[in-house]
$ cat coords08.cif   # mmCIF, C-alpha atoms and all ligand atoms
data_model
#
loop_
_atom_site.label_atom_id
_atom_site.label_comp_id
_atom_site.auth_asym_id
_atom_site.auth_seq_id
_atom_site.Cartn_x
_atom_site.Cartn_y
_atom_site.Cartn_z
CA MET E 1 64.23 10.77 22.61
CA ASP E 2 65.28 8.59 25.57
CA THR E 3 67.16 5.60 24.16
CA THR E 4 68.50 4.23 27.48
CA GLY E 5 66.47 1.00 27.29
CA GLN E 6 67.58 0.44 23.72
CA LEU E 7 71.27 1.02 24.30
CA LEU E 8 73.22 -2.00 23.12
CA ARG E 9 76.64 -2.90 24.40
CA ILE E 10 78.67 -4.63 21.72
CA ALA E 11 82.00 -6.31 22.45
CA ILE E 12 84.65 -6.16 19.75
CA GLN E 13 88.35 -7.00 19.59
CA SER E 14 90.54 -4.21 21.00
CA LYS E 15 93.31 -4.76 18.45
CA GLY E 16 94.17 -7.37 15.85
CA ARG E 17 92.71 -8.78 12.66
CA LEU E 18 89.06 -8.46 13.67
CA TYR E 19 89.47 -4.94 15.00
CA GLU E 20 90.12 -3.43 11.57
CA ASP E 21 87.25 -5.25 9.84
CA THR E 22 84.75 -4.47 12.61
CA THR E 23 85.69 -0.81 12.83
CA SER E 24 85.27 -0.32 9.09
CA LEU E 25 81.89 -2.07 9.20
CA PHE E 26 80.66 0.43 11.82
CA LYS E 27 81.93 3.26 9.65
CA GLU E 28 80.27 1.93 6.49
CA SER E 29 77.04 1.51 8.46
CA GLY E 30 77.05 5.20 9.40
CA ILE E 31 77.69 4.53 13.10
CA LYS E 32 80.25 6.92 14.57
CA ILE E 33 82.57 5.55 17.24
CA ASN E 34 85.23 8.07 18.23
CA ARG E 35 87.68 6.03 20.26
CA SER E 36 90.34 8.00 22.03
CA GLU E 37 93.60 6.14 22.61
CA ARG E 38 93.05 2.87 24.52
CA ALA E 39 89.54 3.74 25.78
CA LEU E 40 87.76 0.49 26.76
CA LEU E 41 84.12 1.59 26.56
CA VAL E 42 83.01 4.14 23.97
CA ARG E 43 79.47 5.31 23.25
CA SER E 44 78.44 6.25 19.73
CA ASN E 45 77.04 9.75 19.41
CA ASN E 46 74.64 8.91 16.57
CA PHE E 47 73.36 5.38 17.30
CA PRO E 48 72.24 3.70 20.57
CA VAL E 49 75.30 1.50 20.88
CA GLU E 50 78.38 1.45 23.09
CA VAL E 51 81.48 -0.51 22.16
CA LEU E 52 83.40 -2.59 24.71
CA TYR E 53 86.96 -3.39 23.60
CA LEU E 54 88.25 -6.84 24.65
CA ARG E 55 90.58 -9.68 23.65
CA ASP E 56 88.71 -11.84 21.16
CA ASP E 57 89.01 -14.93 23.43
CA ASP E 58 86.84 -13.20 26.07
CA ILE E 59 84.04 -12.09 23.74
CA PRO E 60 81.82 -15.25 23.70
CA GLU E 61 81.71 -15.47 27.52
CA THR E 62 81.10 -11.73 27.89
CA VAL E 63 78.07 -12.02 25.60
CA ALA E 64 76.76 -15.26 27.13
CA SER E 65 76.86 -13.74 30.63
CA GLY E 66 75.09 -10.56 29.52
CA VAL E 67 77.97 -8.19 30.30
CA ALA E 68 77.69 -7.33 26.58
CA ASP E 69 74.54 -7.76 24.49
CA LEU E 70 76.32 -8.46 21.22
CA GLY E 71 79.82 -9.40 20.12
CA VAL E 72 81.82 -9.55 16.92
CA VAL E 73 84.18 -12.52 16.92
CA GLY E 74 85.58 -15.27 14.70
CA LEU E 75 83.28 -18.28 14.38
CA ASN E 76 86.34 -20.34 15.42
CA GLU E 77 86.20 -18.74 18.90
CA VAL E 78 82.44 -19.26 19.16
CA LEU E 79 82.78 -22.95 18.30
CA GLU E 80 85.72 -23.41 20.66
CA ARG E 81 84.26 -21.65 23.70
CA GLU E 82 80.90 -23.48 23.49
CA GLU E 83 79.10 -20.59 25.21
CA ASP E 84 75.34 -20.23 25.10
CA VAL E 85 74.92 -17.47 22.48
CA ASP E 86 72.96 -16.91 19.26
CA THR E 87 74.87 -16.39 16.02
CA LEU E 88 72.94 -13.67 14.17
CA LEU E 89 74.95 -12.72 11.10
CA HIS E 90 78.03 -13.82 9.15
CA LEU E 91 80.07 -10.78 8.16
CA GLY E 92 82.15 -12.57 5.52
CA VAL E 93 85.38 -10.91 6.70
CA SER E 94 88.43 -12.24 8.63
CA LYS E 95 87.92 -15.48 6.73
CA CYS E 96 90.02 -18.52 7.58
CA HIS E 97 89.61 -22.21 8.32
CA LEU E 98 90.75 -24.60 11.02
CA ALA E 99 92.79 -27.42 9.61
CA ILE E 100 94.89 -30.42 10.59
CA ALA E 101 98.39 -30.27 9.14
CA VAL E 102 101.21 -32.81 9.21
CA PRO E 103 104.89 -32.75 8.16
CA LYS E 104 105.29 -32.37 4.40
CA HIS E 105 106.60 -35.90 3.84
CA ALA E 106 104.28 -37.74 6.24
CA ASP E 107 102.35 -40.66 4.68
CA TYR E 108 98.99 -39.27 5.86
CA SER E 109 96.19 -41.60 4.78
CA GLY E 110 93.11 -40.21 6.54
CA PRO E 111 91.91 -39.40 10.08
CA GLN E 112 92.95 -42.89 11.32
CA TRP E 113 96.58 -41.82 10.75
CA LEU E 114 96.12 -39.57 13.79
CA GLU E 115 95.50 -42.52 16.17
CA ASN E 116 97.83 -42.17 19.19
CA LYS E 117 99.59 -39.21 17.58
CA ARG E 118 100.38 -35.99 19.43
CA ILE E 119 98.48 -33.00 18.04
CA ALA E 120 99.28 -29.45 19.15
CA THR E 121 96.50 -26.87 19.07
CA SER E 122 94.93 -23.81 20.65
CA TYR E 123 91.48 -25.22 19.76
CA PRO E 124 91.19 -28.45 21.82
CA ASN E 125 87.36 -28.53 21.97
CA ILE E 126 86.83 -28.33 18.22
CA LEU E 127 89.63 -30.85 17.67
CA ASN E 128 88.29 -33.31 20.25
CA ARG E 129 84.85 -33.16 18.67
CA TYR E 130 86.41 -33.87 15.26
CA LEU E 131 88.46 -36.79 16.61
CA SER E 132 85.51 -38.39 18.36
CA ARG E 133 83.38 -38.02 15.19
CA HIS E 134 86.06 -40.12 13.46
CA ASN E 135 86.57 -42.51 16.39
CA VAL E 136 90.21 -41.51 16.69
CA LYS E 137 92.08 -41.39 20.01
CA ALA E 138 94.98 -38.97 19.95
CA GLN E 139 96.96 -36.94 22.48
CA VAL E 140 95.81 -33.35 22.28
CA HIS E 141 98.36 -30.82 23.54
CA VAL E 142 97.05 -27.35 24.21
CA ILE E 143 99.49 -24.64 23.18
CA THR E 144 98.81 -20.93 22.88
CA GLY E 145 100.74 -19.36 20.04
CA SER E 146 103.34 -20.70 17.56
CA VAL E 147 101.50 -24.00 17.17
CA GLU E 148 102.99 -24.47 13.70
CA ILE E 149 106.52 -24.78 15.05
CA THR E 150 105.76 -27.84 17.25
CA PRO E 151 106.39 -30.67 14.73
CA LEU E 152 109.65 -29.00 13.69
CA ILE E 153 111.00 -29.03 17.25
CA GLY E 154 109.77 -32.56 18.00
CA LEU E 155 106.85 -31.52 20.21
CA GLY E 156 104.12 -33.10 18.13
CA ASP E 157 103.23 -35.21 15.09
CA ALA E 158 100.53 -32.90 13.75
CA ILE E 159 98.92 -29.56 14.41
CA PHE E 160 95.40 -28.22 14.35
CA ASP E 161 95.39 -24.48 13.72
CA ILE E 162 93.99 -21.53 11.79
CA VAL E 163 94.97 -21.40 8.13
CA SER E 164 94.38 -18.46 5.85
CA SER E 165 96.72 -18.26 2.85
CA GLY E 166 98.57 -21.44 3.86
CA SER E 167 101.97 -19.78 3.72
CA THR E 168 102.70 -20.35 7.44
CA LEU E 169 102.29 -24.09 6.88
CA VAL E 170 104.62 -24.04 3.87
CA THR E 171 107.24 -22.05 5.79
CA ASN E 172 107.18 -24.68 8.54
CA ASN E 173 107.36 -27.69 6.18
CA LEU E 174 103.79 -28.73 6.89
CA LYS E 175 100.91 -29.71 4.61
CA GLU E 176 97.20 -29.34 5.23
CA VAL E 177 95.41 -32.70 5.30
CA GLU E 178 91.95 -31.97 6.74
CA ASN E 179 89.88 -28.79 6.52
CA VAL E 180 87.78 -29.19 9.65
CA VAL E 181 85.72 -26.00 9.73
CA ASP E 182 85.46 -22.69 7.86
CA SER E 183 85.31 -19.47 9.84
CA ASP E 184 84.53 -15.80 9.33
CA ALA E 185 83.64 -12.98 11.69
CA VAL E 186 80.13 -13.34 13.10
CA ILE E 187 77.77 -11.28 15.25
CA ILE E 188 76.74 -13.15 18.37
CA ALA E 189 73.99 -12.15 20.77
CA ASN E 190 72.97 -12.78 24.35
CA ARG E 191 69.97 -15.12 24.48
CA SER E 192 67.75 -12.94 26.70
CA LEU E 193 67.74 -9.46 25.19
CA SER E 194 64.84 -7.16 26.11
CA PRO E 195 62.28 -6.30 23.39
CA GLU E 196 63.71 -2.72 23.29
CA LYS E 197 67.22 -4.02 22.67
CA LYS E 198 65.94 -6.44 20.05
CA GLU E 199 64.59 -3.42 18.14
CA THR E 200 68.05 -1.82 18.12
CA VAL E 201 69.60 -5.15 17.06
CA LYS E 202 67.20 -5.27 14.10
CA GLU E 203 68.24 -1.79 12.97
CA LEU E 204 71.93 -2.58 13.48
CA LEU E 205 71.74 -5.81 11.47
CA PHE E 206 69.84 -4.01 8.71
CA ARG E 207 72.64 -1.46 8.44
CA PHE E 208 75.40 -4.10 8.61
CA GLN E 209 73.68 -6.20 5.95
CA ALA E 210 73.40 -3.18 3.63
CA ALA E 211 77.12 -2.48 4.07
CA ILE E 212 78.02 -6.16 3.48
CA ASP E 213 75.86 -6.35 0.33
CA ALA E 214 77.48 -3.17 -0.97
CA GLN E 215 81.00 -4.57 -0.41
CA LYS E 216 80.25 -7.52 -2.69
CA LYS E 217 78.86 -5.40 -5.53
CA LYS E 218 80.34 -2.91 -7.97
CA TYR E 219 78.64 -0.18 -9.94
CA VAL E 220 79.66 -0.66 -13.58
CA MET E 221 79.31 1.98 -16.34
CA MET E 222 80.27 1.56 -19.99
CA ASN E 223 79.75 3.32 -23.29
CA ALA E 224 78.39 1.21 -26.12
CA PRO E 225 77.19 1.61 -29.70
CA LYS E 226 73.38 1.74 -29.68
CA ASP E 227 73.10 -1.18 -32.09
CA LYS E 228 74.97 -3.37 -29.58
CA ILE E 229 72.65 -2.77 -26.65
CA LYS E 230 70.85 -6.09 -27.10
CA ALA E 231 74.10 -8.06 -27.45
CA ILE E 232 75.49 -6.42 -24.31
CA LEU E 233 72.33 -7.01 -22.29
CA ASP E 234 72.51 -10.69 -23.28
CA ILE E 235 75.99 -10.90 -21.77
CA LEU E 236 74.98 -9.35 -18.44
CA PRO E 237 74.05 -11.91 -15.76
CA GLU E 238 70.41 -12.52 -14.82
CA CYS E 239 70.61 -10.35 -11.67
CA ALA E 240 71.58 -7.29 -13.76
CA LYS E 241 68.93 -7.59 -16.46
CA SER E 242 67.46 -4.11 -16.04
CA PRO E 243 70.38 -1.77 -16.44
CA THR E 244 70.00 1.98 -16.88
CA ILE E 245 70.56 3.13 -20.48
CA ILE E 246 71.42 6.81 -20.96
CA PRO E 247 71.77 8.61 -24.33
CA LEU E 248 75.10 10.29 -25.13
CA ALA E 249 75.86 13.46 -27.15
CA ASP E 250 76.77 11.18 -30.09
CA ASP E 251 73.37 9.71 -30.96
CA GLN E 252 74.94 6.45 -32.20
CA TRP E 253 76.16 5.73 -28.66
CA CYS E 254 74.72 5.27 -25.19
CA SER E 255 75.92 4.66 -21.66
CA ILE E 256 74.91 1.45 -19.85
CA HIS E 257 74.94 1.40 -16.03
CA THR E 258 74.48 -1.73 -13.92
CA VAL E 259 75.40 -3.42 -10.64
CA LEU E 260 77.49 -6.61 -10.64
CA GLU E 261 79.46 -8.77 -8.28
CA GLU E 262 83.17 -8.20 -8.83
CA LYS E 263 83.73 -11.81 -9.88
CA GLN E 264 80.90 -11.60 -12.41
CA PHE E 265 82.50 -8.48 -13.85
CA TRP E 266 85.81 -10.24 -14.51
CA ASP E 267 83.96 -13.19 -16.05
CA ILE E 268 82.25 -11.03 -18.70
CA VAL E 269 84.53 -8.04 -19.28
CA SER E 270 86.24 -9.44 -22.38
CA ASP E 271 82.87 -10.37 -23.93
CA LEU E 272 81.62 -6.83 -23.28
CA LYS E 273 84.67 -5.41 -25.04
CA LYS E 274 84.19 -7.79 -27.97
CA GLU E 275 80.68 -6.36 -28.42
CA GLY E 276 82.11 -2.83 -28.57
CA ALA E 277 81.80 -1.62 -24.96
CA GLN E 278 84.33 1.12 -24.20
CA GLY E 279 85.40 3.32 -21.30
CA ILE E 280 84.27 0.72 -18.75
CA LEU E 281 84.25 2.21 -15.23
CA VAL E 282 83.93 0.07 -12.08
CA MET E 283 83.11 1.85 -8.81
CA ASN E 284 82.65 0.87 -5.17
CA ILE E 285 79.15 1.12 -3.74
CA GLU E 286 78.94 2.57 -0.25
CA LYS E 287 75.57 1.16 0.80
CA MET E 288 72.94 -0.96 -0.82
CA VAL E 289 69.40 -1.44 0.48
CA LEU E 290 67.71 -4.37 -1.23
O1 LIG K 301 94.75 -10.21 21.21
P1 LIG K 301 93.62 -11.09 20.79
O2 LIG K 301 93.49 -12.36 21.62
O3 LIG K 301 92.32 -10.32 20.69
O4 LIG K 301 93.94 -11.52 19.28
P2 LIG K 301 94.46 -12.89 18.66
O5 LIG K 301 95.92 -12.79 18.49
O6 LIG K 301 93.88 -14.07 19.37
O7 LIG K 301 93.70 -12.89 17.27
P3 LIG K 301 94.08 -12.34 15.81
O8 LIG K 301 93.87 -10.86 15.76
O9 LIG K 301 95.36 -12.90 15.32
O10 LIG K 301 92.92 -13.08 14.99
C1 LIG K 301 91.59 -12.85 15.30
C2 LIG K 301 90.72 -13.73 14.43
O11 LIG K 301 91.00 -13.48 13.05
C3 LIG K 301 90.90 -15.22 14.57
O12 LIG K 301 90.24 -15.75 15.70
C4 LIG K 301 90.31 -15.73 13.27
O13 LIG K 301 88.89 -15.79 13.38
C5 LIG K 301 90.65 -14.62 12.27
N1 LIG K 301 91.78 -14.93 11.35
C6 LIG K 301 91.72 -14.81 10.01
C7 LIG K 301 93.02 -15.34 11.67
C8 LIG K 301 93.73 -15.51 10.47
N2 LIG K 301 92.90 -15.17 9.45
C9 LIG K 301 95.10 -15.96 10.50
N3 LIG K 301 95.71 -16.13 9.43
N4 LIG K 301 93.64 -15.59 12.86
C10 LIG K 301 94.91 -15.99 12.89
N5 LIG K 301 95.65 -16.22 11.76
C11 LIG K 301 97.07 -16.73 11.98
C12 LIG K 301 97.11 -18.22 12.32
O14 LIG K 301 97.06 -18.40 13.71
C13 LIG K 301 98.45 -18.70 11.76
O15 LIG K 301 99.50 -18.45 12.67
O16 LIG K 301 97.83 -16.60 10.83
C14 LIG K 301 98.63 -17.77 10.59
C15 LIG K 301 98.19 -18.48 9.35
O17 LIG K 301 98.05 -17.59 8.29
P4 LIG K 301 98.45 -18.00 6.80
O18 LIG K 301 97.91 -16.87 5.95
O19 LIG K 301 99.95 -18.09 6.73
O20 LIG K 301 97.78 -19.31 6.50
ZN ZN K 302 92.80 -14.19 20.95
#
$ encode --input "coords08.cif" --output "structure tokens"
Amino acid sequence: MDTTGQLLRIAIQSKGRLYEDTTSLFKESGIKINRSERALLVRSNNFPVEVLYLRDDDIPETVASGVADLGVVGLNEVLEREEDVDTLLHLGVSKCHLAIAVPKHADYSGPQWLENKRIATSYPNILNRYLSRHNVKAQVHVITGSVEITPLIGLGDAIFDIVSSGSTLVTNNLKEVENVVDSDAVIIANRSLSPEKKETVKELLFRFQAAIDAQKKKYVMMNAPKDKIKAILDILPECAKSPTIIPLADDQWCSIHTVLEEKQFWDIVSDLKKEGAQGILVMNIEKMVL
């Protein structure tokens, strides 16, 4: 079959935090990308897609201009670059947020505290939009890298930067005072894809979604006394109300299989044990088509 018209070029980060998450998503979606050392453009041999490896900062523009059809990039970069692209899917990985932080002992009282202050950031556009929403005039200093060190060396009164665990702020004697926007990796698309390419995008998103849904869920198996089946089913959350029940060699016992979100599992595991569930096994699901 000739798939030339359907071939999608997708820009992803060449190395860094997003690279790992994106590469494993392709793998979990059954799309083979065999990248030899430092290759910049690699075509999959089992799906009509070729991967273009770039710095994440360049991905929004590359997609907006049509050099790539799709891109995987942090929402933070999409919001900062203000390029004309569609955001198609949130991948729920590489999560972080953009926050304003000030020295630990500052008497921060709200956005007005920032009036006339110097704020260091690599995200001036998002910050300026935030400041104008709050009618605050501040001096925005654009710095690439090591933003968190600026208050310590007297280069600024506050910073606006990516926060994940928060430990970088603590190490630099800063405290977060405003969470401005949450971010995760997203798929962005060029706004004028051909109908053929749109078909491939549909198939790609379907596969990605199945892999994302599977990551959130666990396959749970447990043995239980038959007379406790009802009690155990009552404990299971609504979404898992039709579990598989399999007889065991001991006819007083059965095996109950169901699918749960990991958090739900931890919420109910002690109740399951109280009702006599034993040998509880929790397994990863590779793909899940809903
Ligand atoms: O070379 P290239 O330009 O492609 O990479 P990069 O260095 O710009 O990006 P990279 O790989 O560091 O991050 C890529 C994307 O990952 C970001 O744009 C975010 O969308 C996302 N992400 C998720 C993060 C973090 N978590 C993160 N913790 N990006 C950066 N950080 C840094 C942050 O800058 C700060 O210095 O980690 C520090 C804070 O971390 P905590 O855990 O101490 O709070
Ligand atoms: Zn970057």
$ closest_residue --input "coords08.cif" --among "E:Glu20, E:Glu178, E:Asp57, E:Glu28" --to "ligand ZN 302 (chain K)" --atoms "only C-alpha atoms and all ligand atoms"
E:Asp57
$ closest_residue --input "coords08.cif" --among "E:Asp86, E:Glu37, E:Glu77, E:Asp56" --to "E:Ser183" --atoms "all atoms listed in the file"
E:Glu77
$ closest_residue --input "coords08.cif" --among "E:Asn135, E:Asn116, E:Thr171, E:Gln215" --to "E:Ala158" --atoms "all atoms listed in the file"
E:Asn116
$ residues_near_point --input "coords08.cif" --point "(76.3, -12.0, -17.0)" --cutoff "7 Å" --atoms "all atoms listed in the file" --output "VMD selection string"
chain E and resid 235 to 238 264 268
$ atom_distance --input "coords08.cif" --atom1 "atom CA of E:Met288" --atom2 "atom CA of E:Phe206"
10.5 Å
$ residues_near_ligand --input "coords08.cif" --ligand "ligand ZN 302 (chain K)" --cutoff "12 Å" --atoms "all atoms listed in the file" --output "list in words"
Ile12, Gln13, Ser14, Lys15, Gly16, Arg17, Leu18, Tyr19, Leu54, Arg55, Asp56, Asp57, Asp58, Ile59, Pro60, Val73, Gly74, Asn76, Glu77, Val78, Glu80, Arg81, Ser122, Tyr123, Thr144, Gly145 and Ile162 of chain E
$ write_last_selection --input "coords08.cif" --atoms "C-alpha atoms" --output "tab-separated table (two decimals), in the coordinates of the input"
chain	number	residue	atom	x	y	z
E	12	ILE	CA	84.65	-6.16	19.75
E	13	GLN	CA	88.35	-7.00	19.59
E	14	SER	CA	90.54	-4.21	21.00
E	15	LYS	CA	93.31	-4.76	18.45
E	16	GLY	CA	94.17	-7.37	15.85
E	17	ARG	CA	92.71	-8.78	12.66
E	18	LEU	CA	89.06	-8.46	13.67
E	19	TYR	CA	89.47	-4.94	15.00
E	54	LEU	CA	88.25	-6.84	24.65
E	55	ARG	CA	90.58	-9.68	23.65
E	56	ASP	CA	88.71	-11.84	21.16
E	57	ASP	CA	89.01	-14.93	23.43
E	58	ASP	CA	86.84	-13.20	26.07
E	59	ILE	CA	84.04	-12.09	23.74
E	60	PRO	CA	81.82	-15.25	23.70
E	73	VAL	CA	84.18	-12.52	16.92
E	74	GLY	CA	85.58	-15.27	14.70
E	76	ASN	CA	86.34	-20.34	15.42
E	77	GLU	CA	86.20	-18.74	18.90
E	78	VAL	CA	82.44	-19.26	19.16
E	80	GLU	CA	85.72	-23.41	20.66
E	81	ARG	CA	84.26	-21.65	23.70
E	122	SER	CA	94.93	-23.81	20.65
E	123	TYR	CA	91.48	-25.22	19.76
E	144	THR	CA	98.81	-20.93	22.88
E	145	GLY	CA	100.74	-19.36	20.04
E	162	ILE	CA	93.99	-21.53	11.79
$ closest_residue --input "coords08.cif" --among "E:Ala99, E:Val282, E:Leu193, E:Ile33" --to "E:Ala64" --atoms "only C-alpha atoms"
E:Leu193
$ residues_around --input "coords08.cif" --residues "E:Ser44" --least-positions-apart "6" --cutoff "7 Å" --atoms "only C-alpha atoms" --output "ChimeraX atom specification"
/E:31-33,50
$ atom_distance --input "coords08.cif" --atom1 "atom CA of E:Ser194" --atom2 "atom CA of E:Thr22"
24.2 Å
$ atom_distance --input "coords08.cif" --atom1 "atom CA of E:Met283" --atom2 "atom CA of E:Val220"
6.4 Å
$ residues_around --input "coords08.cif" --residues "E:Gly110" --least-positions-apart "3" --cutoff "10 Å" --atoms "only C-alpha atoms" --output "ChimeraX atom specification"
/E:107,113-114,134,177-178
$ write_last_selection --input "coords08.cif" --atoms "C-alpha atoms" --output "short mmCIF file (atom, residue, chain, number, x, y, z; two decimals), in the frame of the given file"
data_model
loop_
_atom_site.label_atom_id
_atom_site.label_comp_id
_atom_site.auth_asym_id
_atom_site.auth_seq_id
_atom_site.Cartn_x
_atom_site.Cartn_y
_atom_site.Cartn_z
CA ASP E 107 102.35 -40.66 4.68
CA TRP E 113 96.58 -41.82 10.75
CA LEU E 114 96.12 -39.57 13.79
CA HIS E 134 86.06 -40.12 13.46
CA VAL E 177 95.41 -32.70 5.30
CA GLU E 178 91.95 -31.97 6.74
#
$ closest_residue --input "coords08.cif" --among "E:Gln252, E:Ser165, E:Gln139, E:Thr121" --to "ligand LIG 301 (chain K)" --atoms "only C-alpha atoms and all ligand atoms"
E:Ser165
$ closest_residue --input "coords08.cif" --among "E:Asn173, E:Asn179, E:Ser270, E:Ser164" --to "ligand LIG 301 (chain K)" --atoms "only C-alpha atoms and all ligand atoms"
E:Ser164
$ residues_near_point --input "coords08.cif" --point "(85.0, -33.2, 7.9)" --cutoff "12 Å" --atoms "all atoms listed in the file" --output "ChimeraX atom specification"
/E:97-100,110-111,126-127,129-134,177-182
$ residues_around --input "coords08.cif" --residues "E:Thr62" --least-positions-apart "4" --cutoff "9 Å" --atoms "all atoms listed in the file" --output "mmCIF file with C-alpha atoms, in the coordinates of the input"
data_model
loop_
_atom_site.group_PDB
_atom_site.id
_atom_site.type_symbol
_atom_site.label_atom_id
_atom_site.label_comp_id
_atom_site.auth_asym_id
_atom_site.auth_seq_id
_atom_site.Cartn_x
_atom_site.Cartn_y
_atom_site.Cartn_z
ATOM 1 C CA ALA E 11 82.000 -6.310 22.450
ATOM 2 C CA ASP E 58 86.840 -13.200 26.070
ATOM 3 C CA GLY E 66 75.090 -10.560 29.520
ATOM 4 C CA VAL E 67 77.970 -8.190 30.300
ATOM 5 C CA ALA E 68 77.690 -7.330 26.580
ATOM 6 C CA ASP E 69 74.540 -7.760 24.490
ATOM 7 C CA LEU E 70 76.320 -8.460 21.220
ATOM 8 C CA GLY E 71 79.820 -9.400 20.120
ATOM 9 C CA ASN E 190 72.970 -12.780 24.350
#
$ axis_aligned_box --input "coords08.cif" --around "stretch 202-218 of chain E" --padding-each-side "3 Å" --output "lines of an AutoDock Vina configuration file"
center_x = 74.1
center_y = -4.5
center_z = 3.1
size_x = 19.8
size_y = 12.1
size_z = 28.1
$ residues_around --input "coords08.cif" --residues "E:Thr200" --least-positions-apart "3" --cutoff "8 Å" --atoms "only C-alpha atoms" --output "number ranges by chain"
E: 6-8, 48, 196-197, 203-204
$ residues_around --input "coords08.cif" --residues "E:His90" --least-positions-apart "2" --cutoff "12 Å" --atoms "all atoms listed in the file" --output "ChimeraX atom specification"
/E:71-75,86-88,92-95,182-188,205,208-209,212-213
$ build_atoms --input "coords08.cif" --residues "stretch 113-118 of chain E" --atoms "all heavy atoms" --output "mmCIF file, in the frame of the given file"
data_model
loop_
_atom_site.group_PDB
_atom_site.id
_atom_site.type_symbol
_atom_site.label_atom_id
_atom_site.label_comp_id
_atom_site.auth_asym_id
_atom_site.auth_seq_id
_atom_site.Cartn_x
_atom_site.Cartn_y
_atom_site.Cartn_z
ATOM 1 N N TRP E 113 95.129 -42.052 10.624
ATOM 2 C CA TRP E 113 96.580 -41.820 10.750
ATOM 3 C C TRP E 113 96.890 -41.114 12.077
ATOM 4 O O TRP E 113 97.983 -41.268 12.634
ATOM 5 C CB TRP E 113 97.043 -40.958 9.573
ATOM 6 C CG TRP E 113 98.525 -40.689 9.501
ATOM 7 C CD1 TRP E 113 99.464 -41.411 8.806
ATOM 8 C CD2 TRP E 113 99.247 -39.603 10.115
ATOM 9 N NE1 TRP E 113 100.714 -40.859 8.959
ATOM 10 C CE2 TRP E 113 100.615 -39.737 9.764
ATOM 11 C CE3 TRP E 113 98.881 -38.533 10.928
ATOM 12 C CZ2 TRP E 113 101.612 -38.850 10.182
ATOM 13 C CZ3 TRP E 113 99.867 -37.650 11.360
ATOM 14 C CH2 TRP E 113 101.211 -37.812 10.984
ATOM 15 N N LEU E 114 95.890 -40.379 12.579
ATOM 16 C CA LEU E 114 96.120 -39.570 13.790
ATOM 17 C C LEU E 114 96.054 -40.399 15.081
ATOM 18 O O LEU E 114 96.385 -39.893 16.156
ATOM 19 C CB LEU E 114 95.074 -38.438 13.857
ATOM 20 C CG LEU E 114 95.133 -37.440 12.697
ATOM 21 C CD1 LEU E 114 93.838 -36.629 12.623
ATOM 22 C CD2 LEU E 114 96.325 -36.500 12.852
ATOM 23 N N GLU E 115 95.628 -41.665 14.976
ATOM 24 C CA GLU E 115 95.500 -42.520 16.170
ATOM 25 C C GLU E 115 96.805 -42.519 16.965
ATOM 26 O O GLU E 115 97.891 -42.760 16.403
ATOM 27 C CB GLU E 115 95.134 -43.948 15.708
ATOM 28 C CG GLU E 115 94.789 -44.909 16.818
ATOM 29 C CD GLU E 115 93.379 -44.704 17.398
ATOM 30 O OE1 GLU E 115 92.490 -44.224 16.670
ATOM 31 O OE2 GLU E 115 93.196 -45.022 18.590
ATOM 32 N N ASN E 116 96.684 -42.202 18.249
ATOM 33 C CA ASN E 116 97.830 -42.170 19.190
ATOM 34 C C ASN E 116 98.877 -41.103 18.877
ATOM 35 O O ASN E 116 99.933 -41.078 19.502
ATOM 36 C CB ASN E 116 98.537 -43.532 19.286
ATOM 37 C CG ASN E 116 97.626 -44.560 19.906
ATOM 38 O OD1 ASN E 116 96.844 -44.225 20.800
ATOM 39 N ND2 ASN E 116 97.684 -45.788 19.403
ATOM 40 N N LYS E 117 98.616 -40.260 17.908
ATOM 41 C CA LYS E 117 99.590 -39.210 17.580
ATOM 42 C C LYS E 117 99.411 -38.030 18.539
ATOM 43 O O LYS E 117 98.365 -37.860 19.166
ATOM 44 C CB LYS E 117 99.399 -38.735 16.137
ATOM 45 C CG LYS E 117 99.624 -39.822 15.090
ATOM 46 C CD LYS E 117 101.077 -39.967 14.783
ATOM 47 C CE LYS E 117 101.404 -40.699 13.497
ATOM 48 N NZ LYS E 117 100.776 -41.967 13.239
ATOM 49 N N ARG E 118 100.456 -37.199 18.602
ATOM 50 C CA ARG E 118 100.380 -35.990 19.430
ATOM 51 C C ARG E 118 100.004 -34.813 18.523
ATOM 52 O O ARG E 118 100.698 -34.549 17.533
ATOM 53 C CB ARG E 118 101.738 -35.705 20.081
ATOM 54 C CG ARG E 118 102.169 -36.769 21.096
ATOM 55 C CD ARG E 118 103.644 -36.642 21.407
ATOM 56 N NE ARG E 118 104.445 -36.704 20.185
ATOM 57 C CZ ARG E 118 105.707 -36.301 20.078
ATOM 58 N NH1 ARG E 118 106.336 -35.801 21.125
ATOM 59 N NH2 ARG E 118 106.364 -36.381 18.934
#
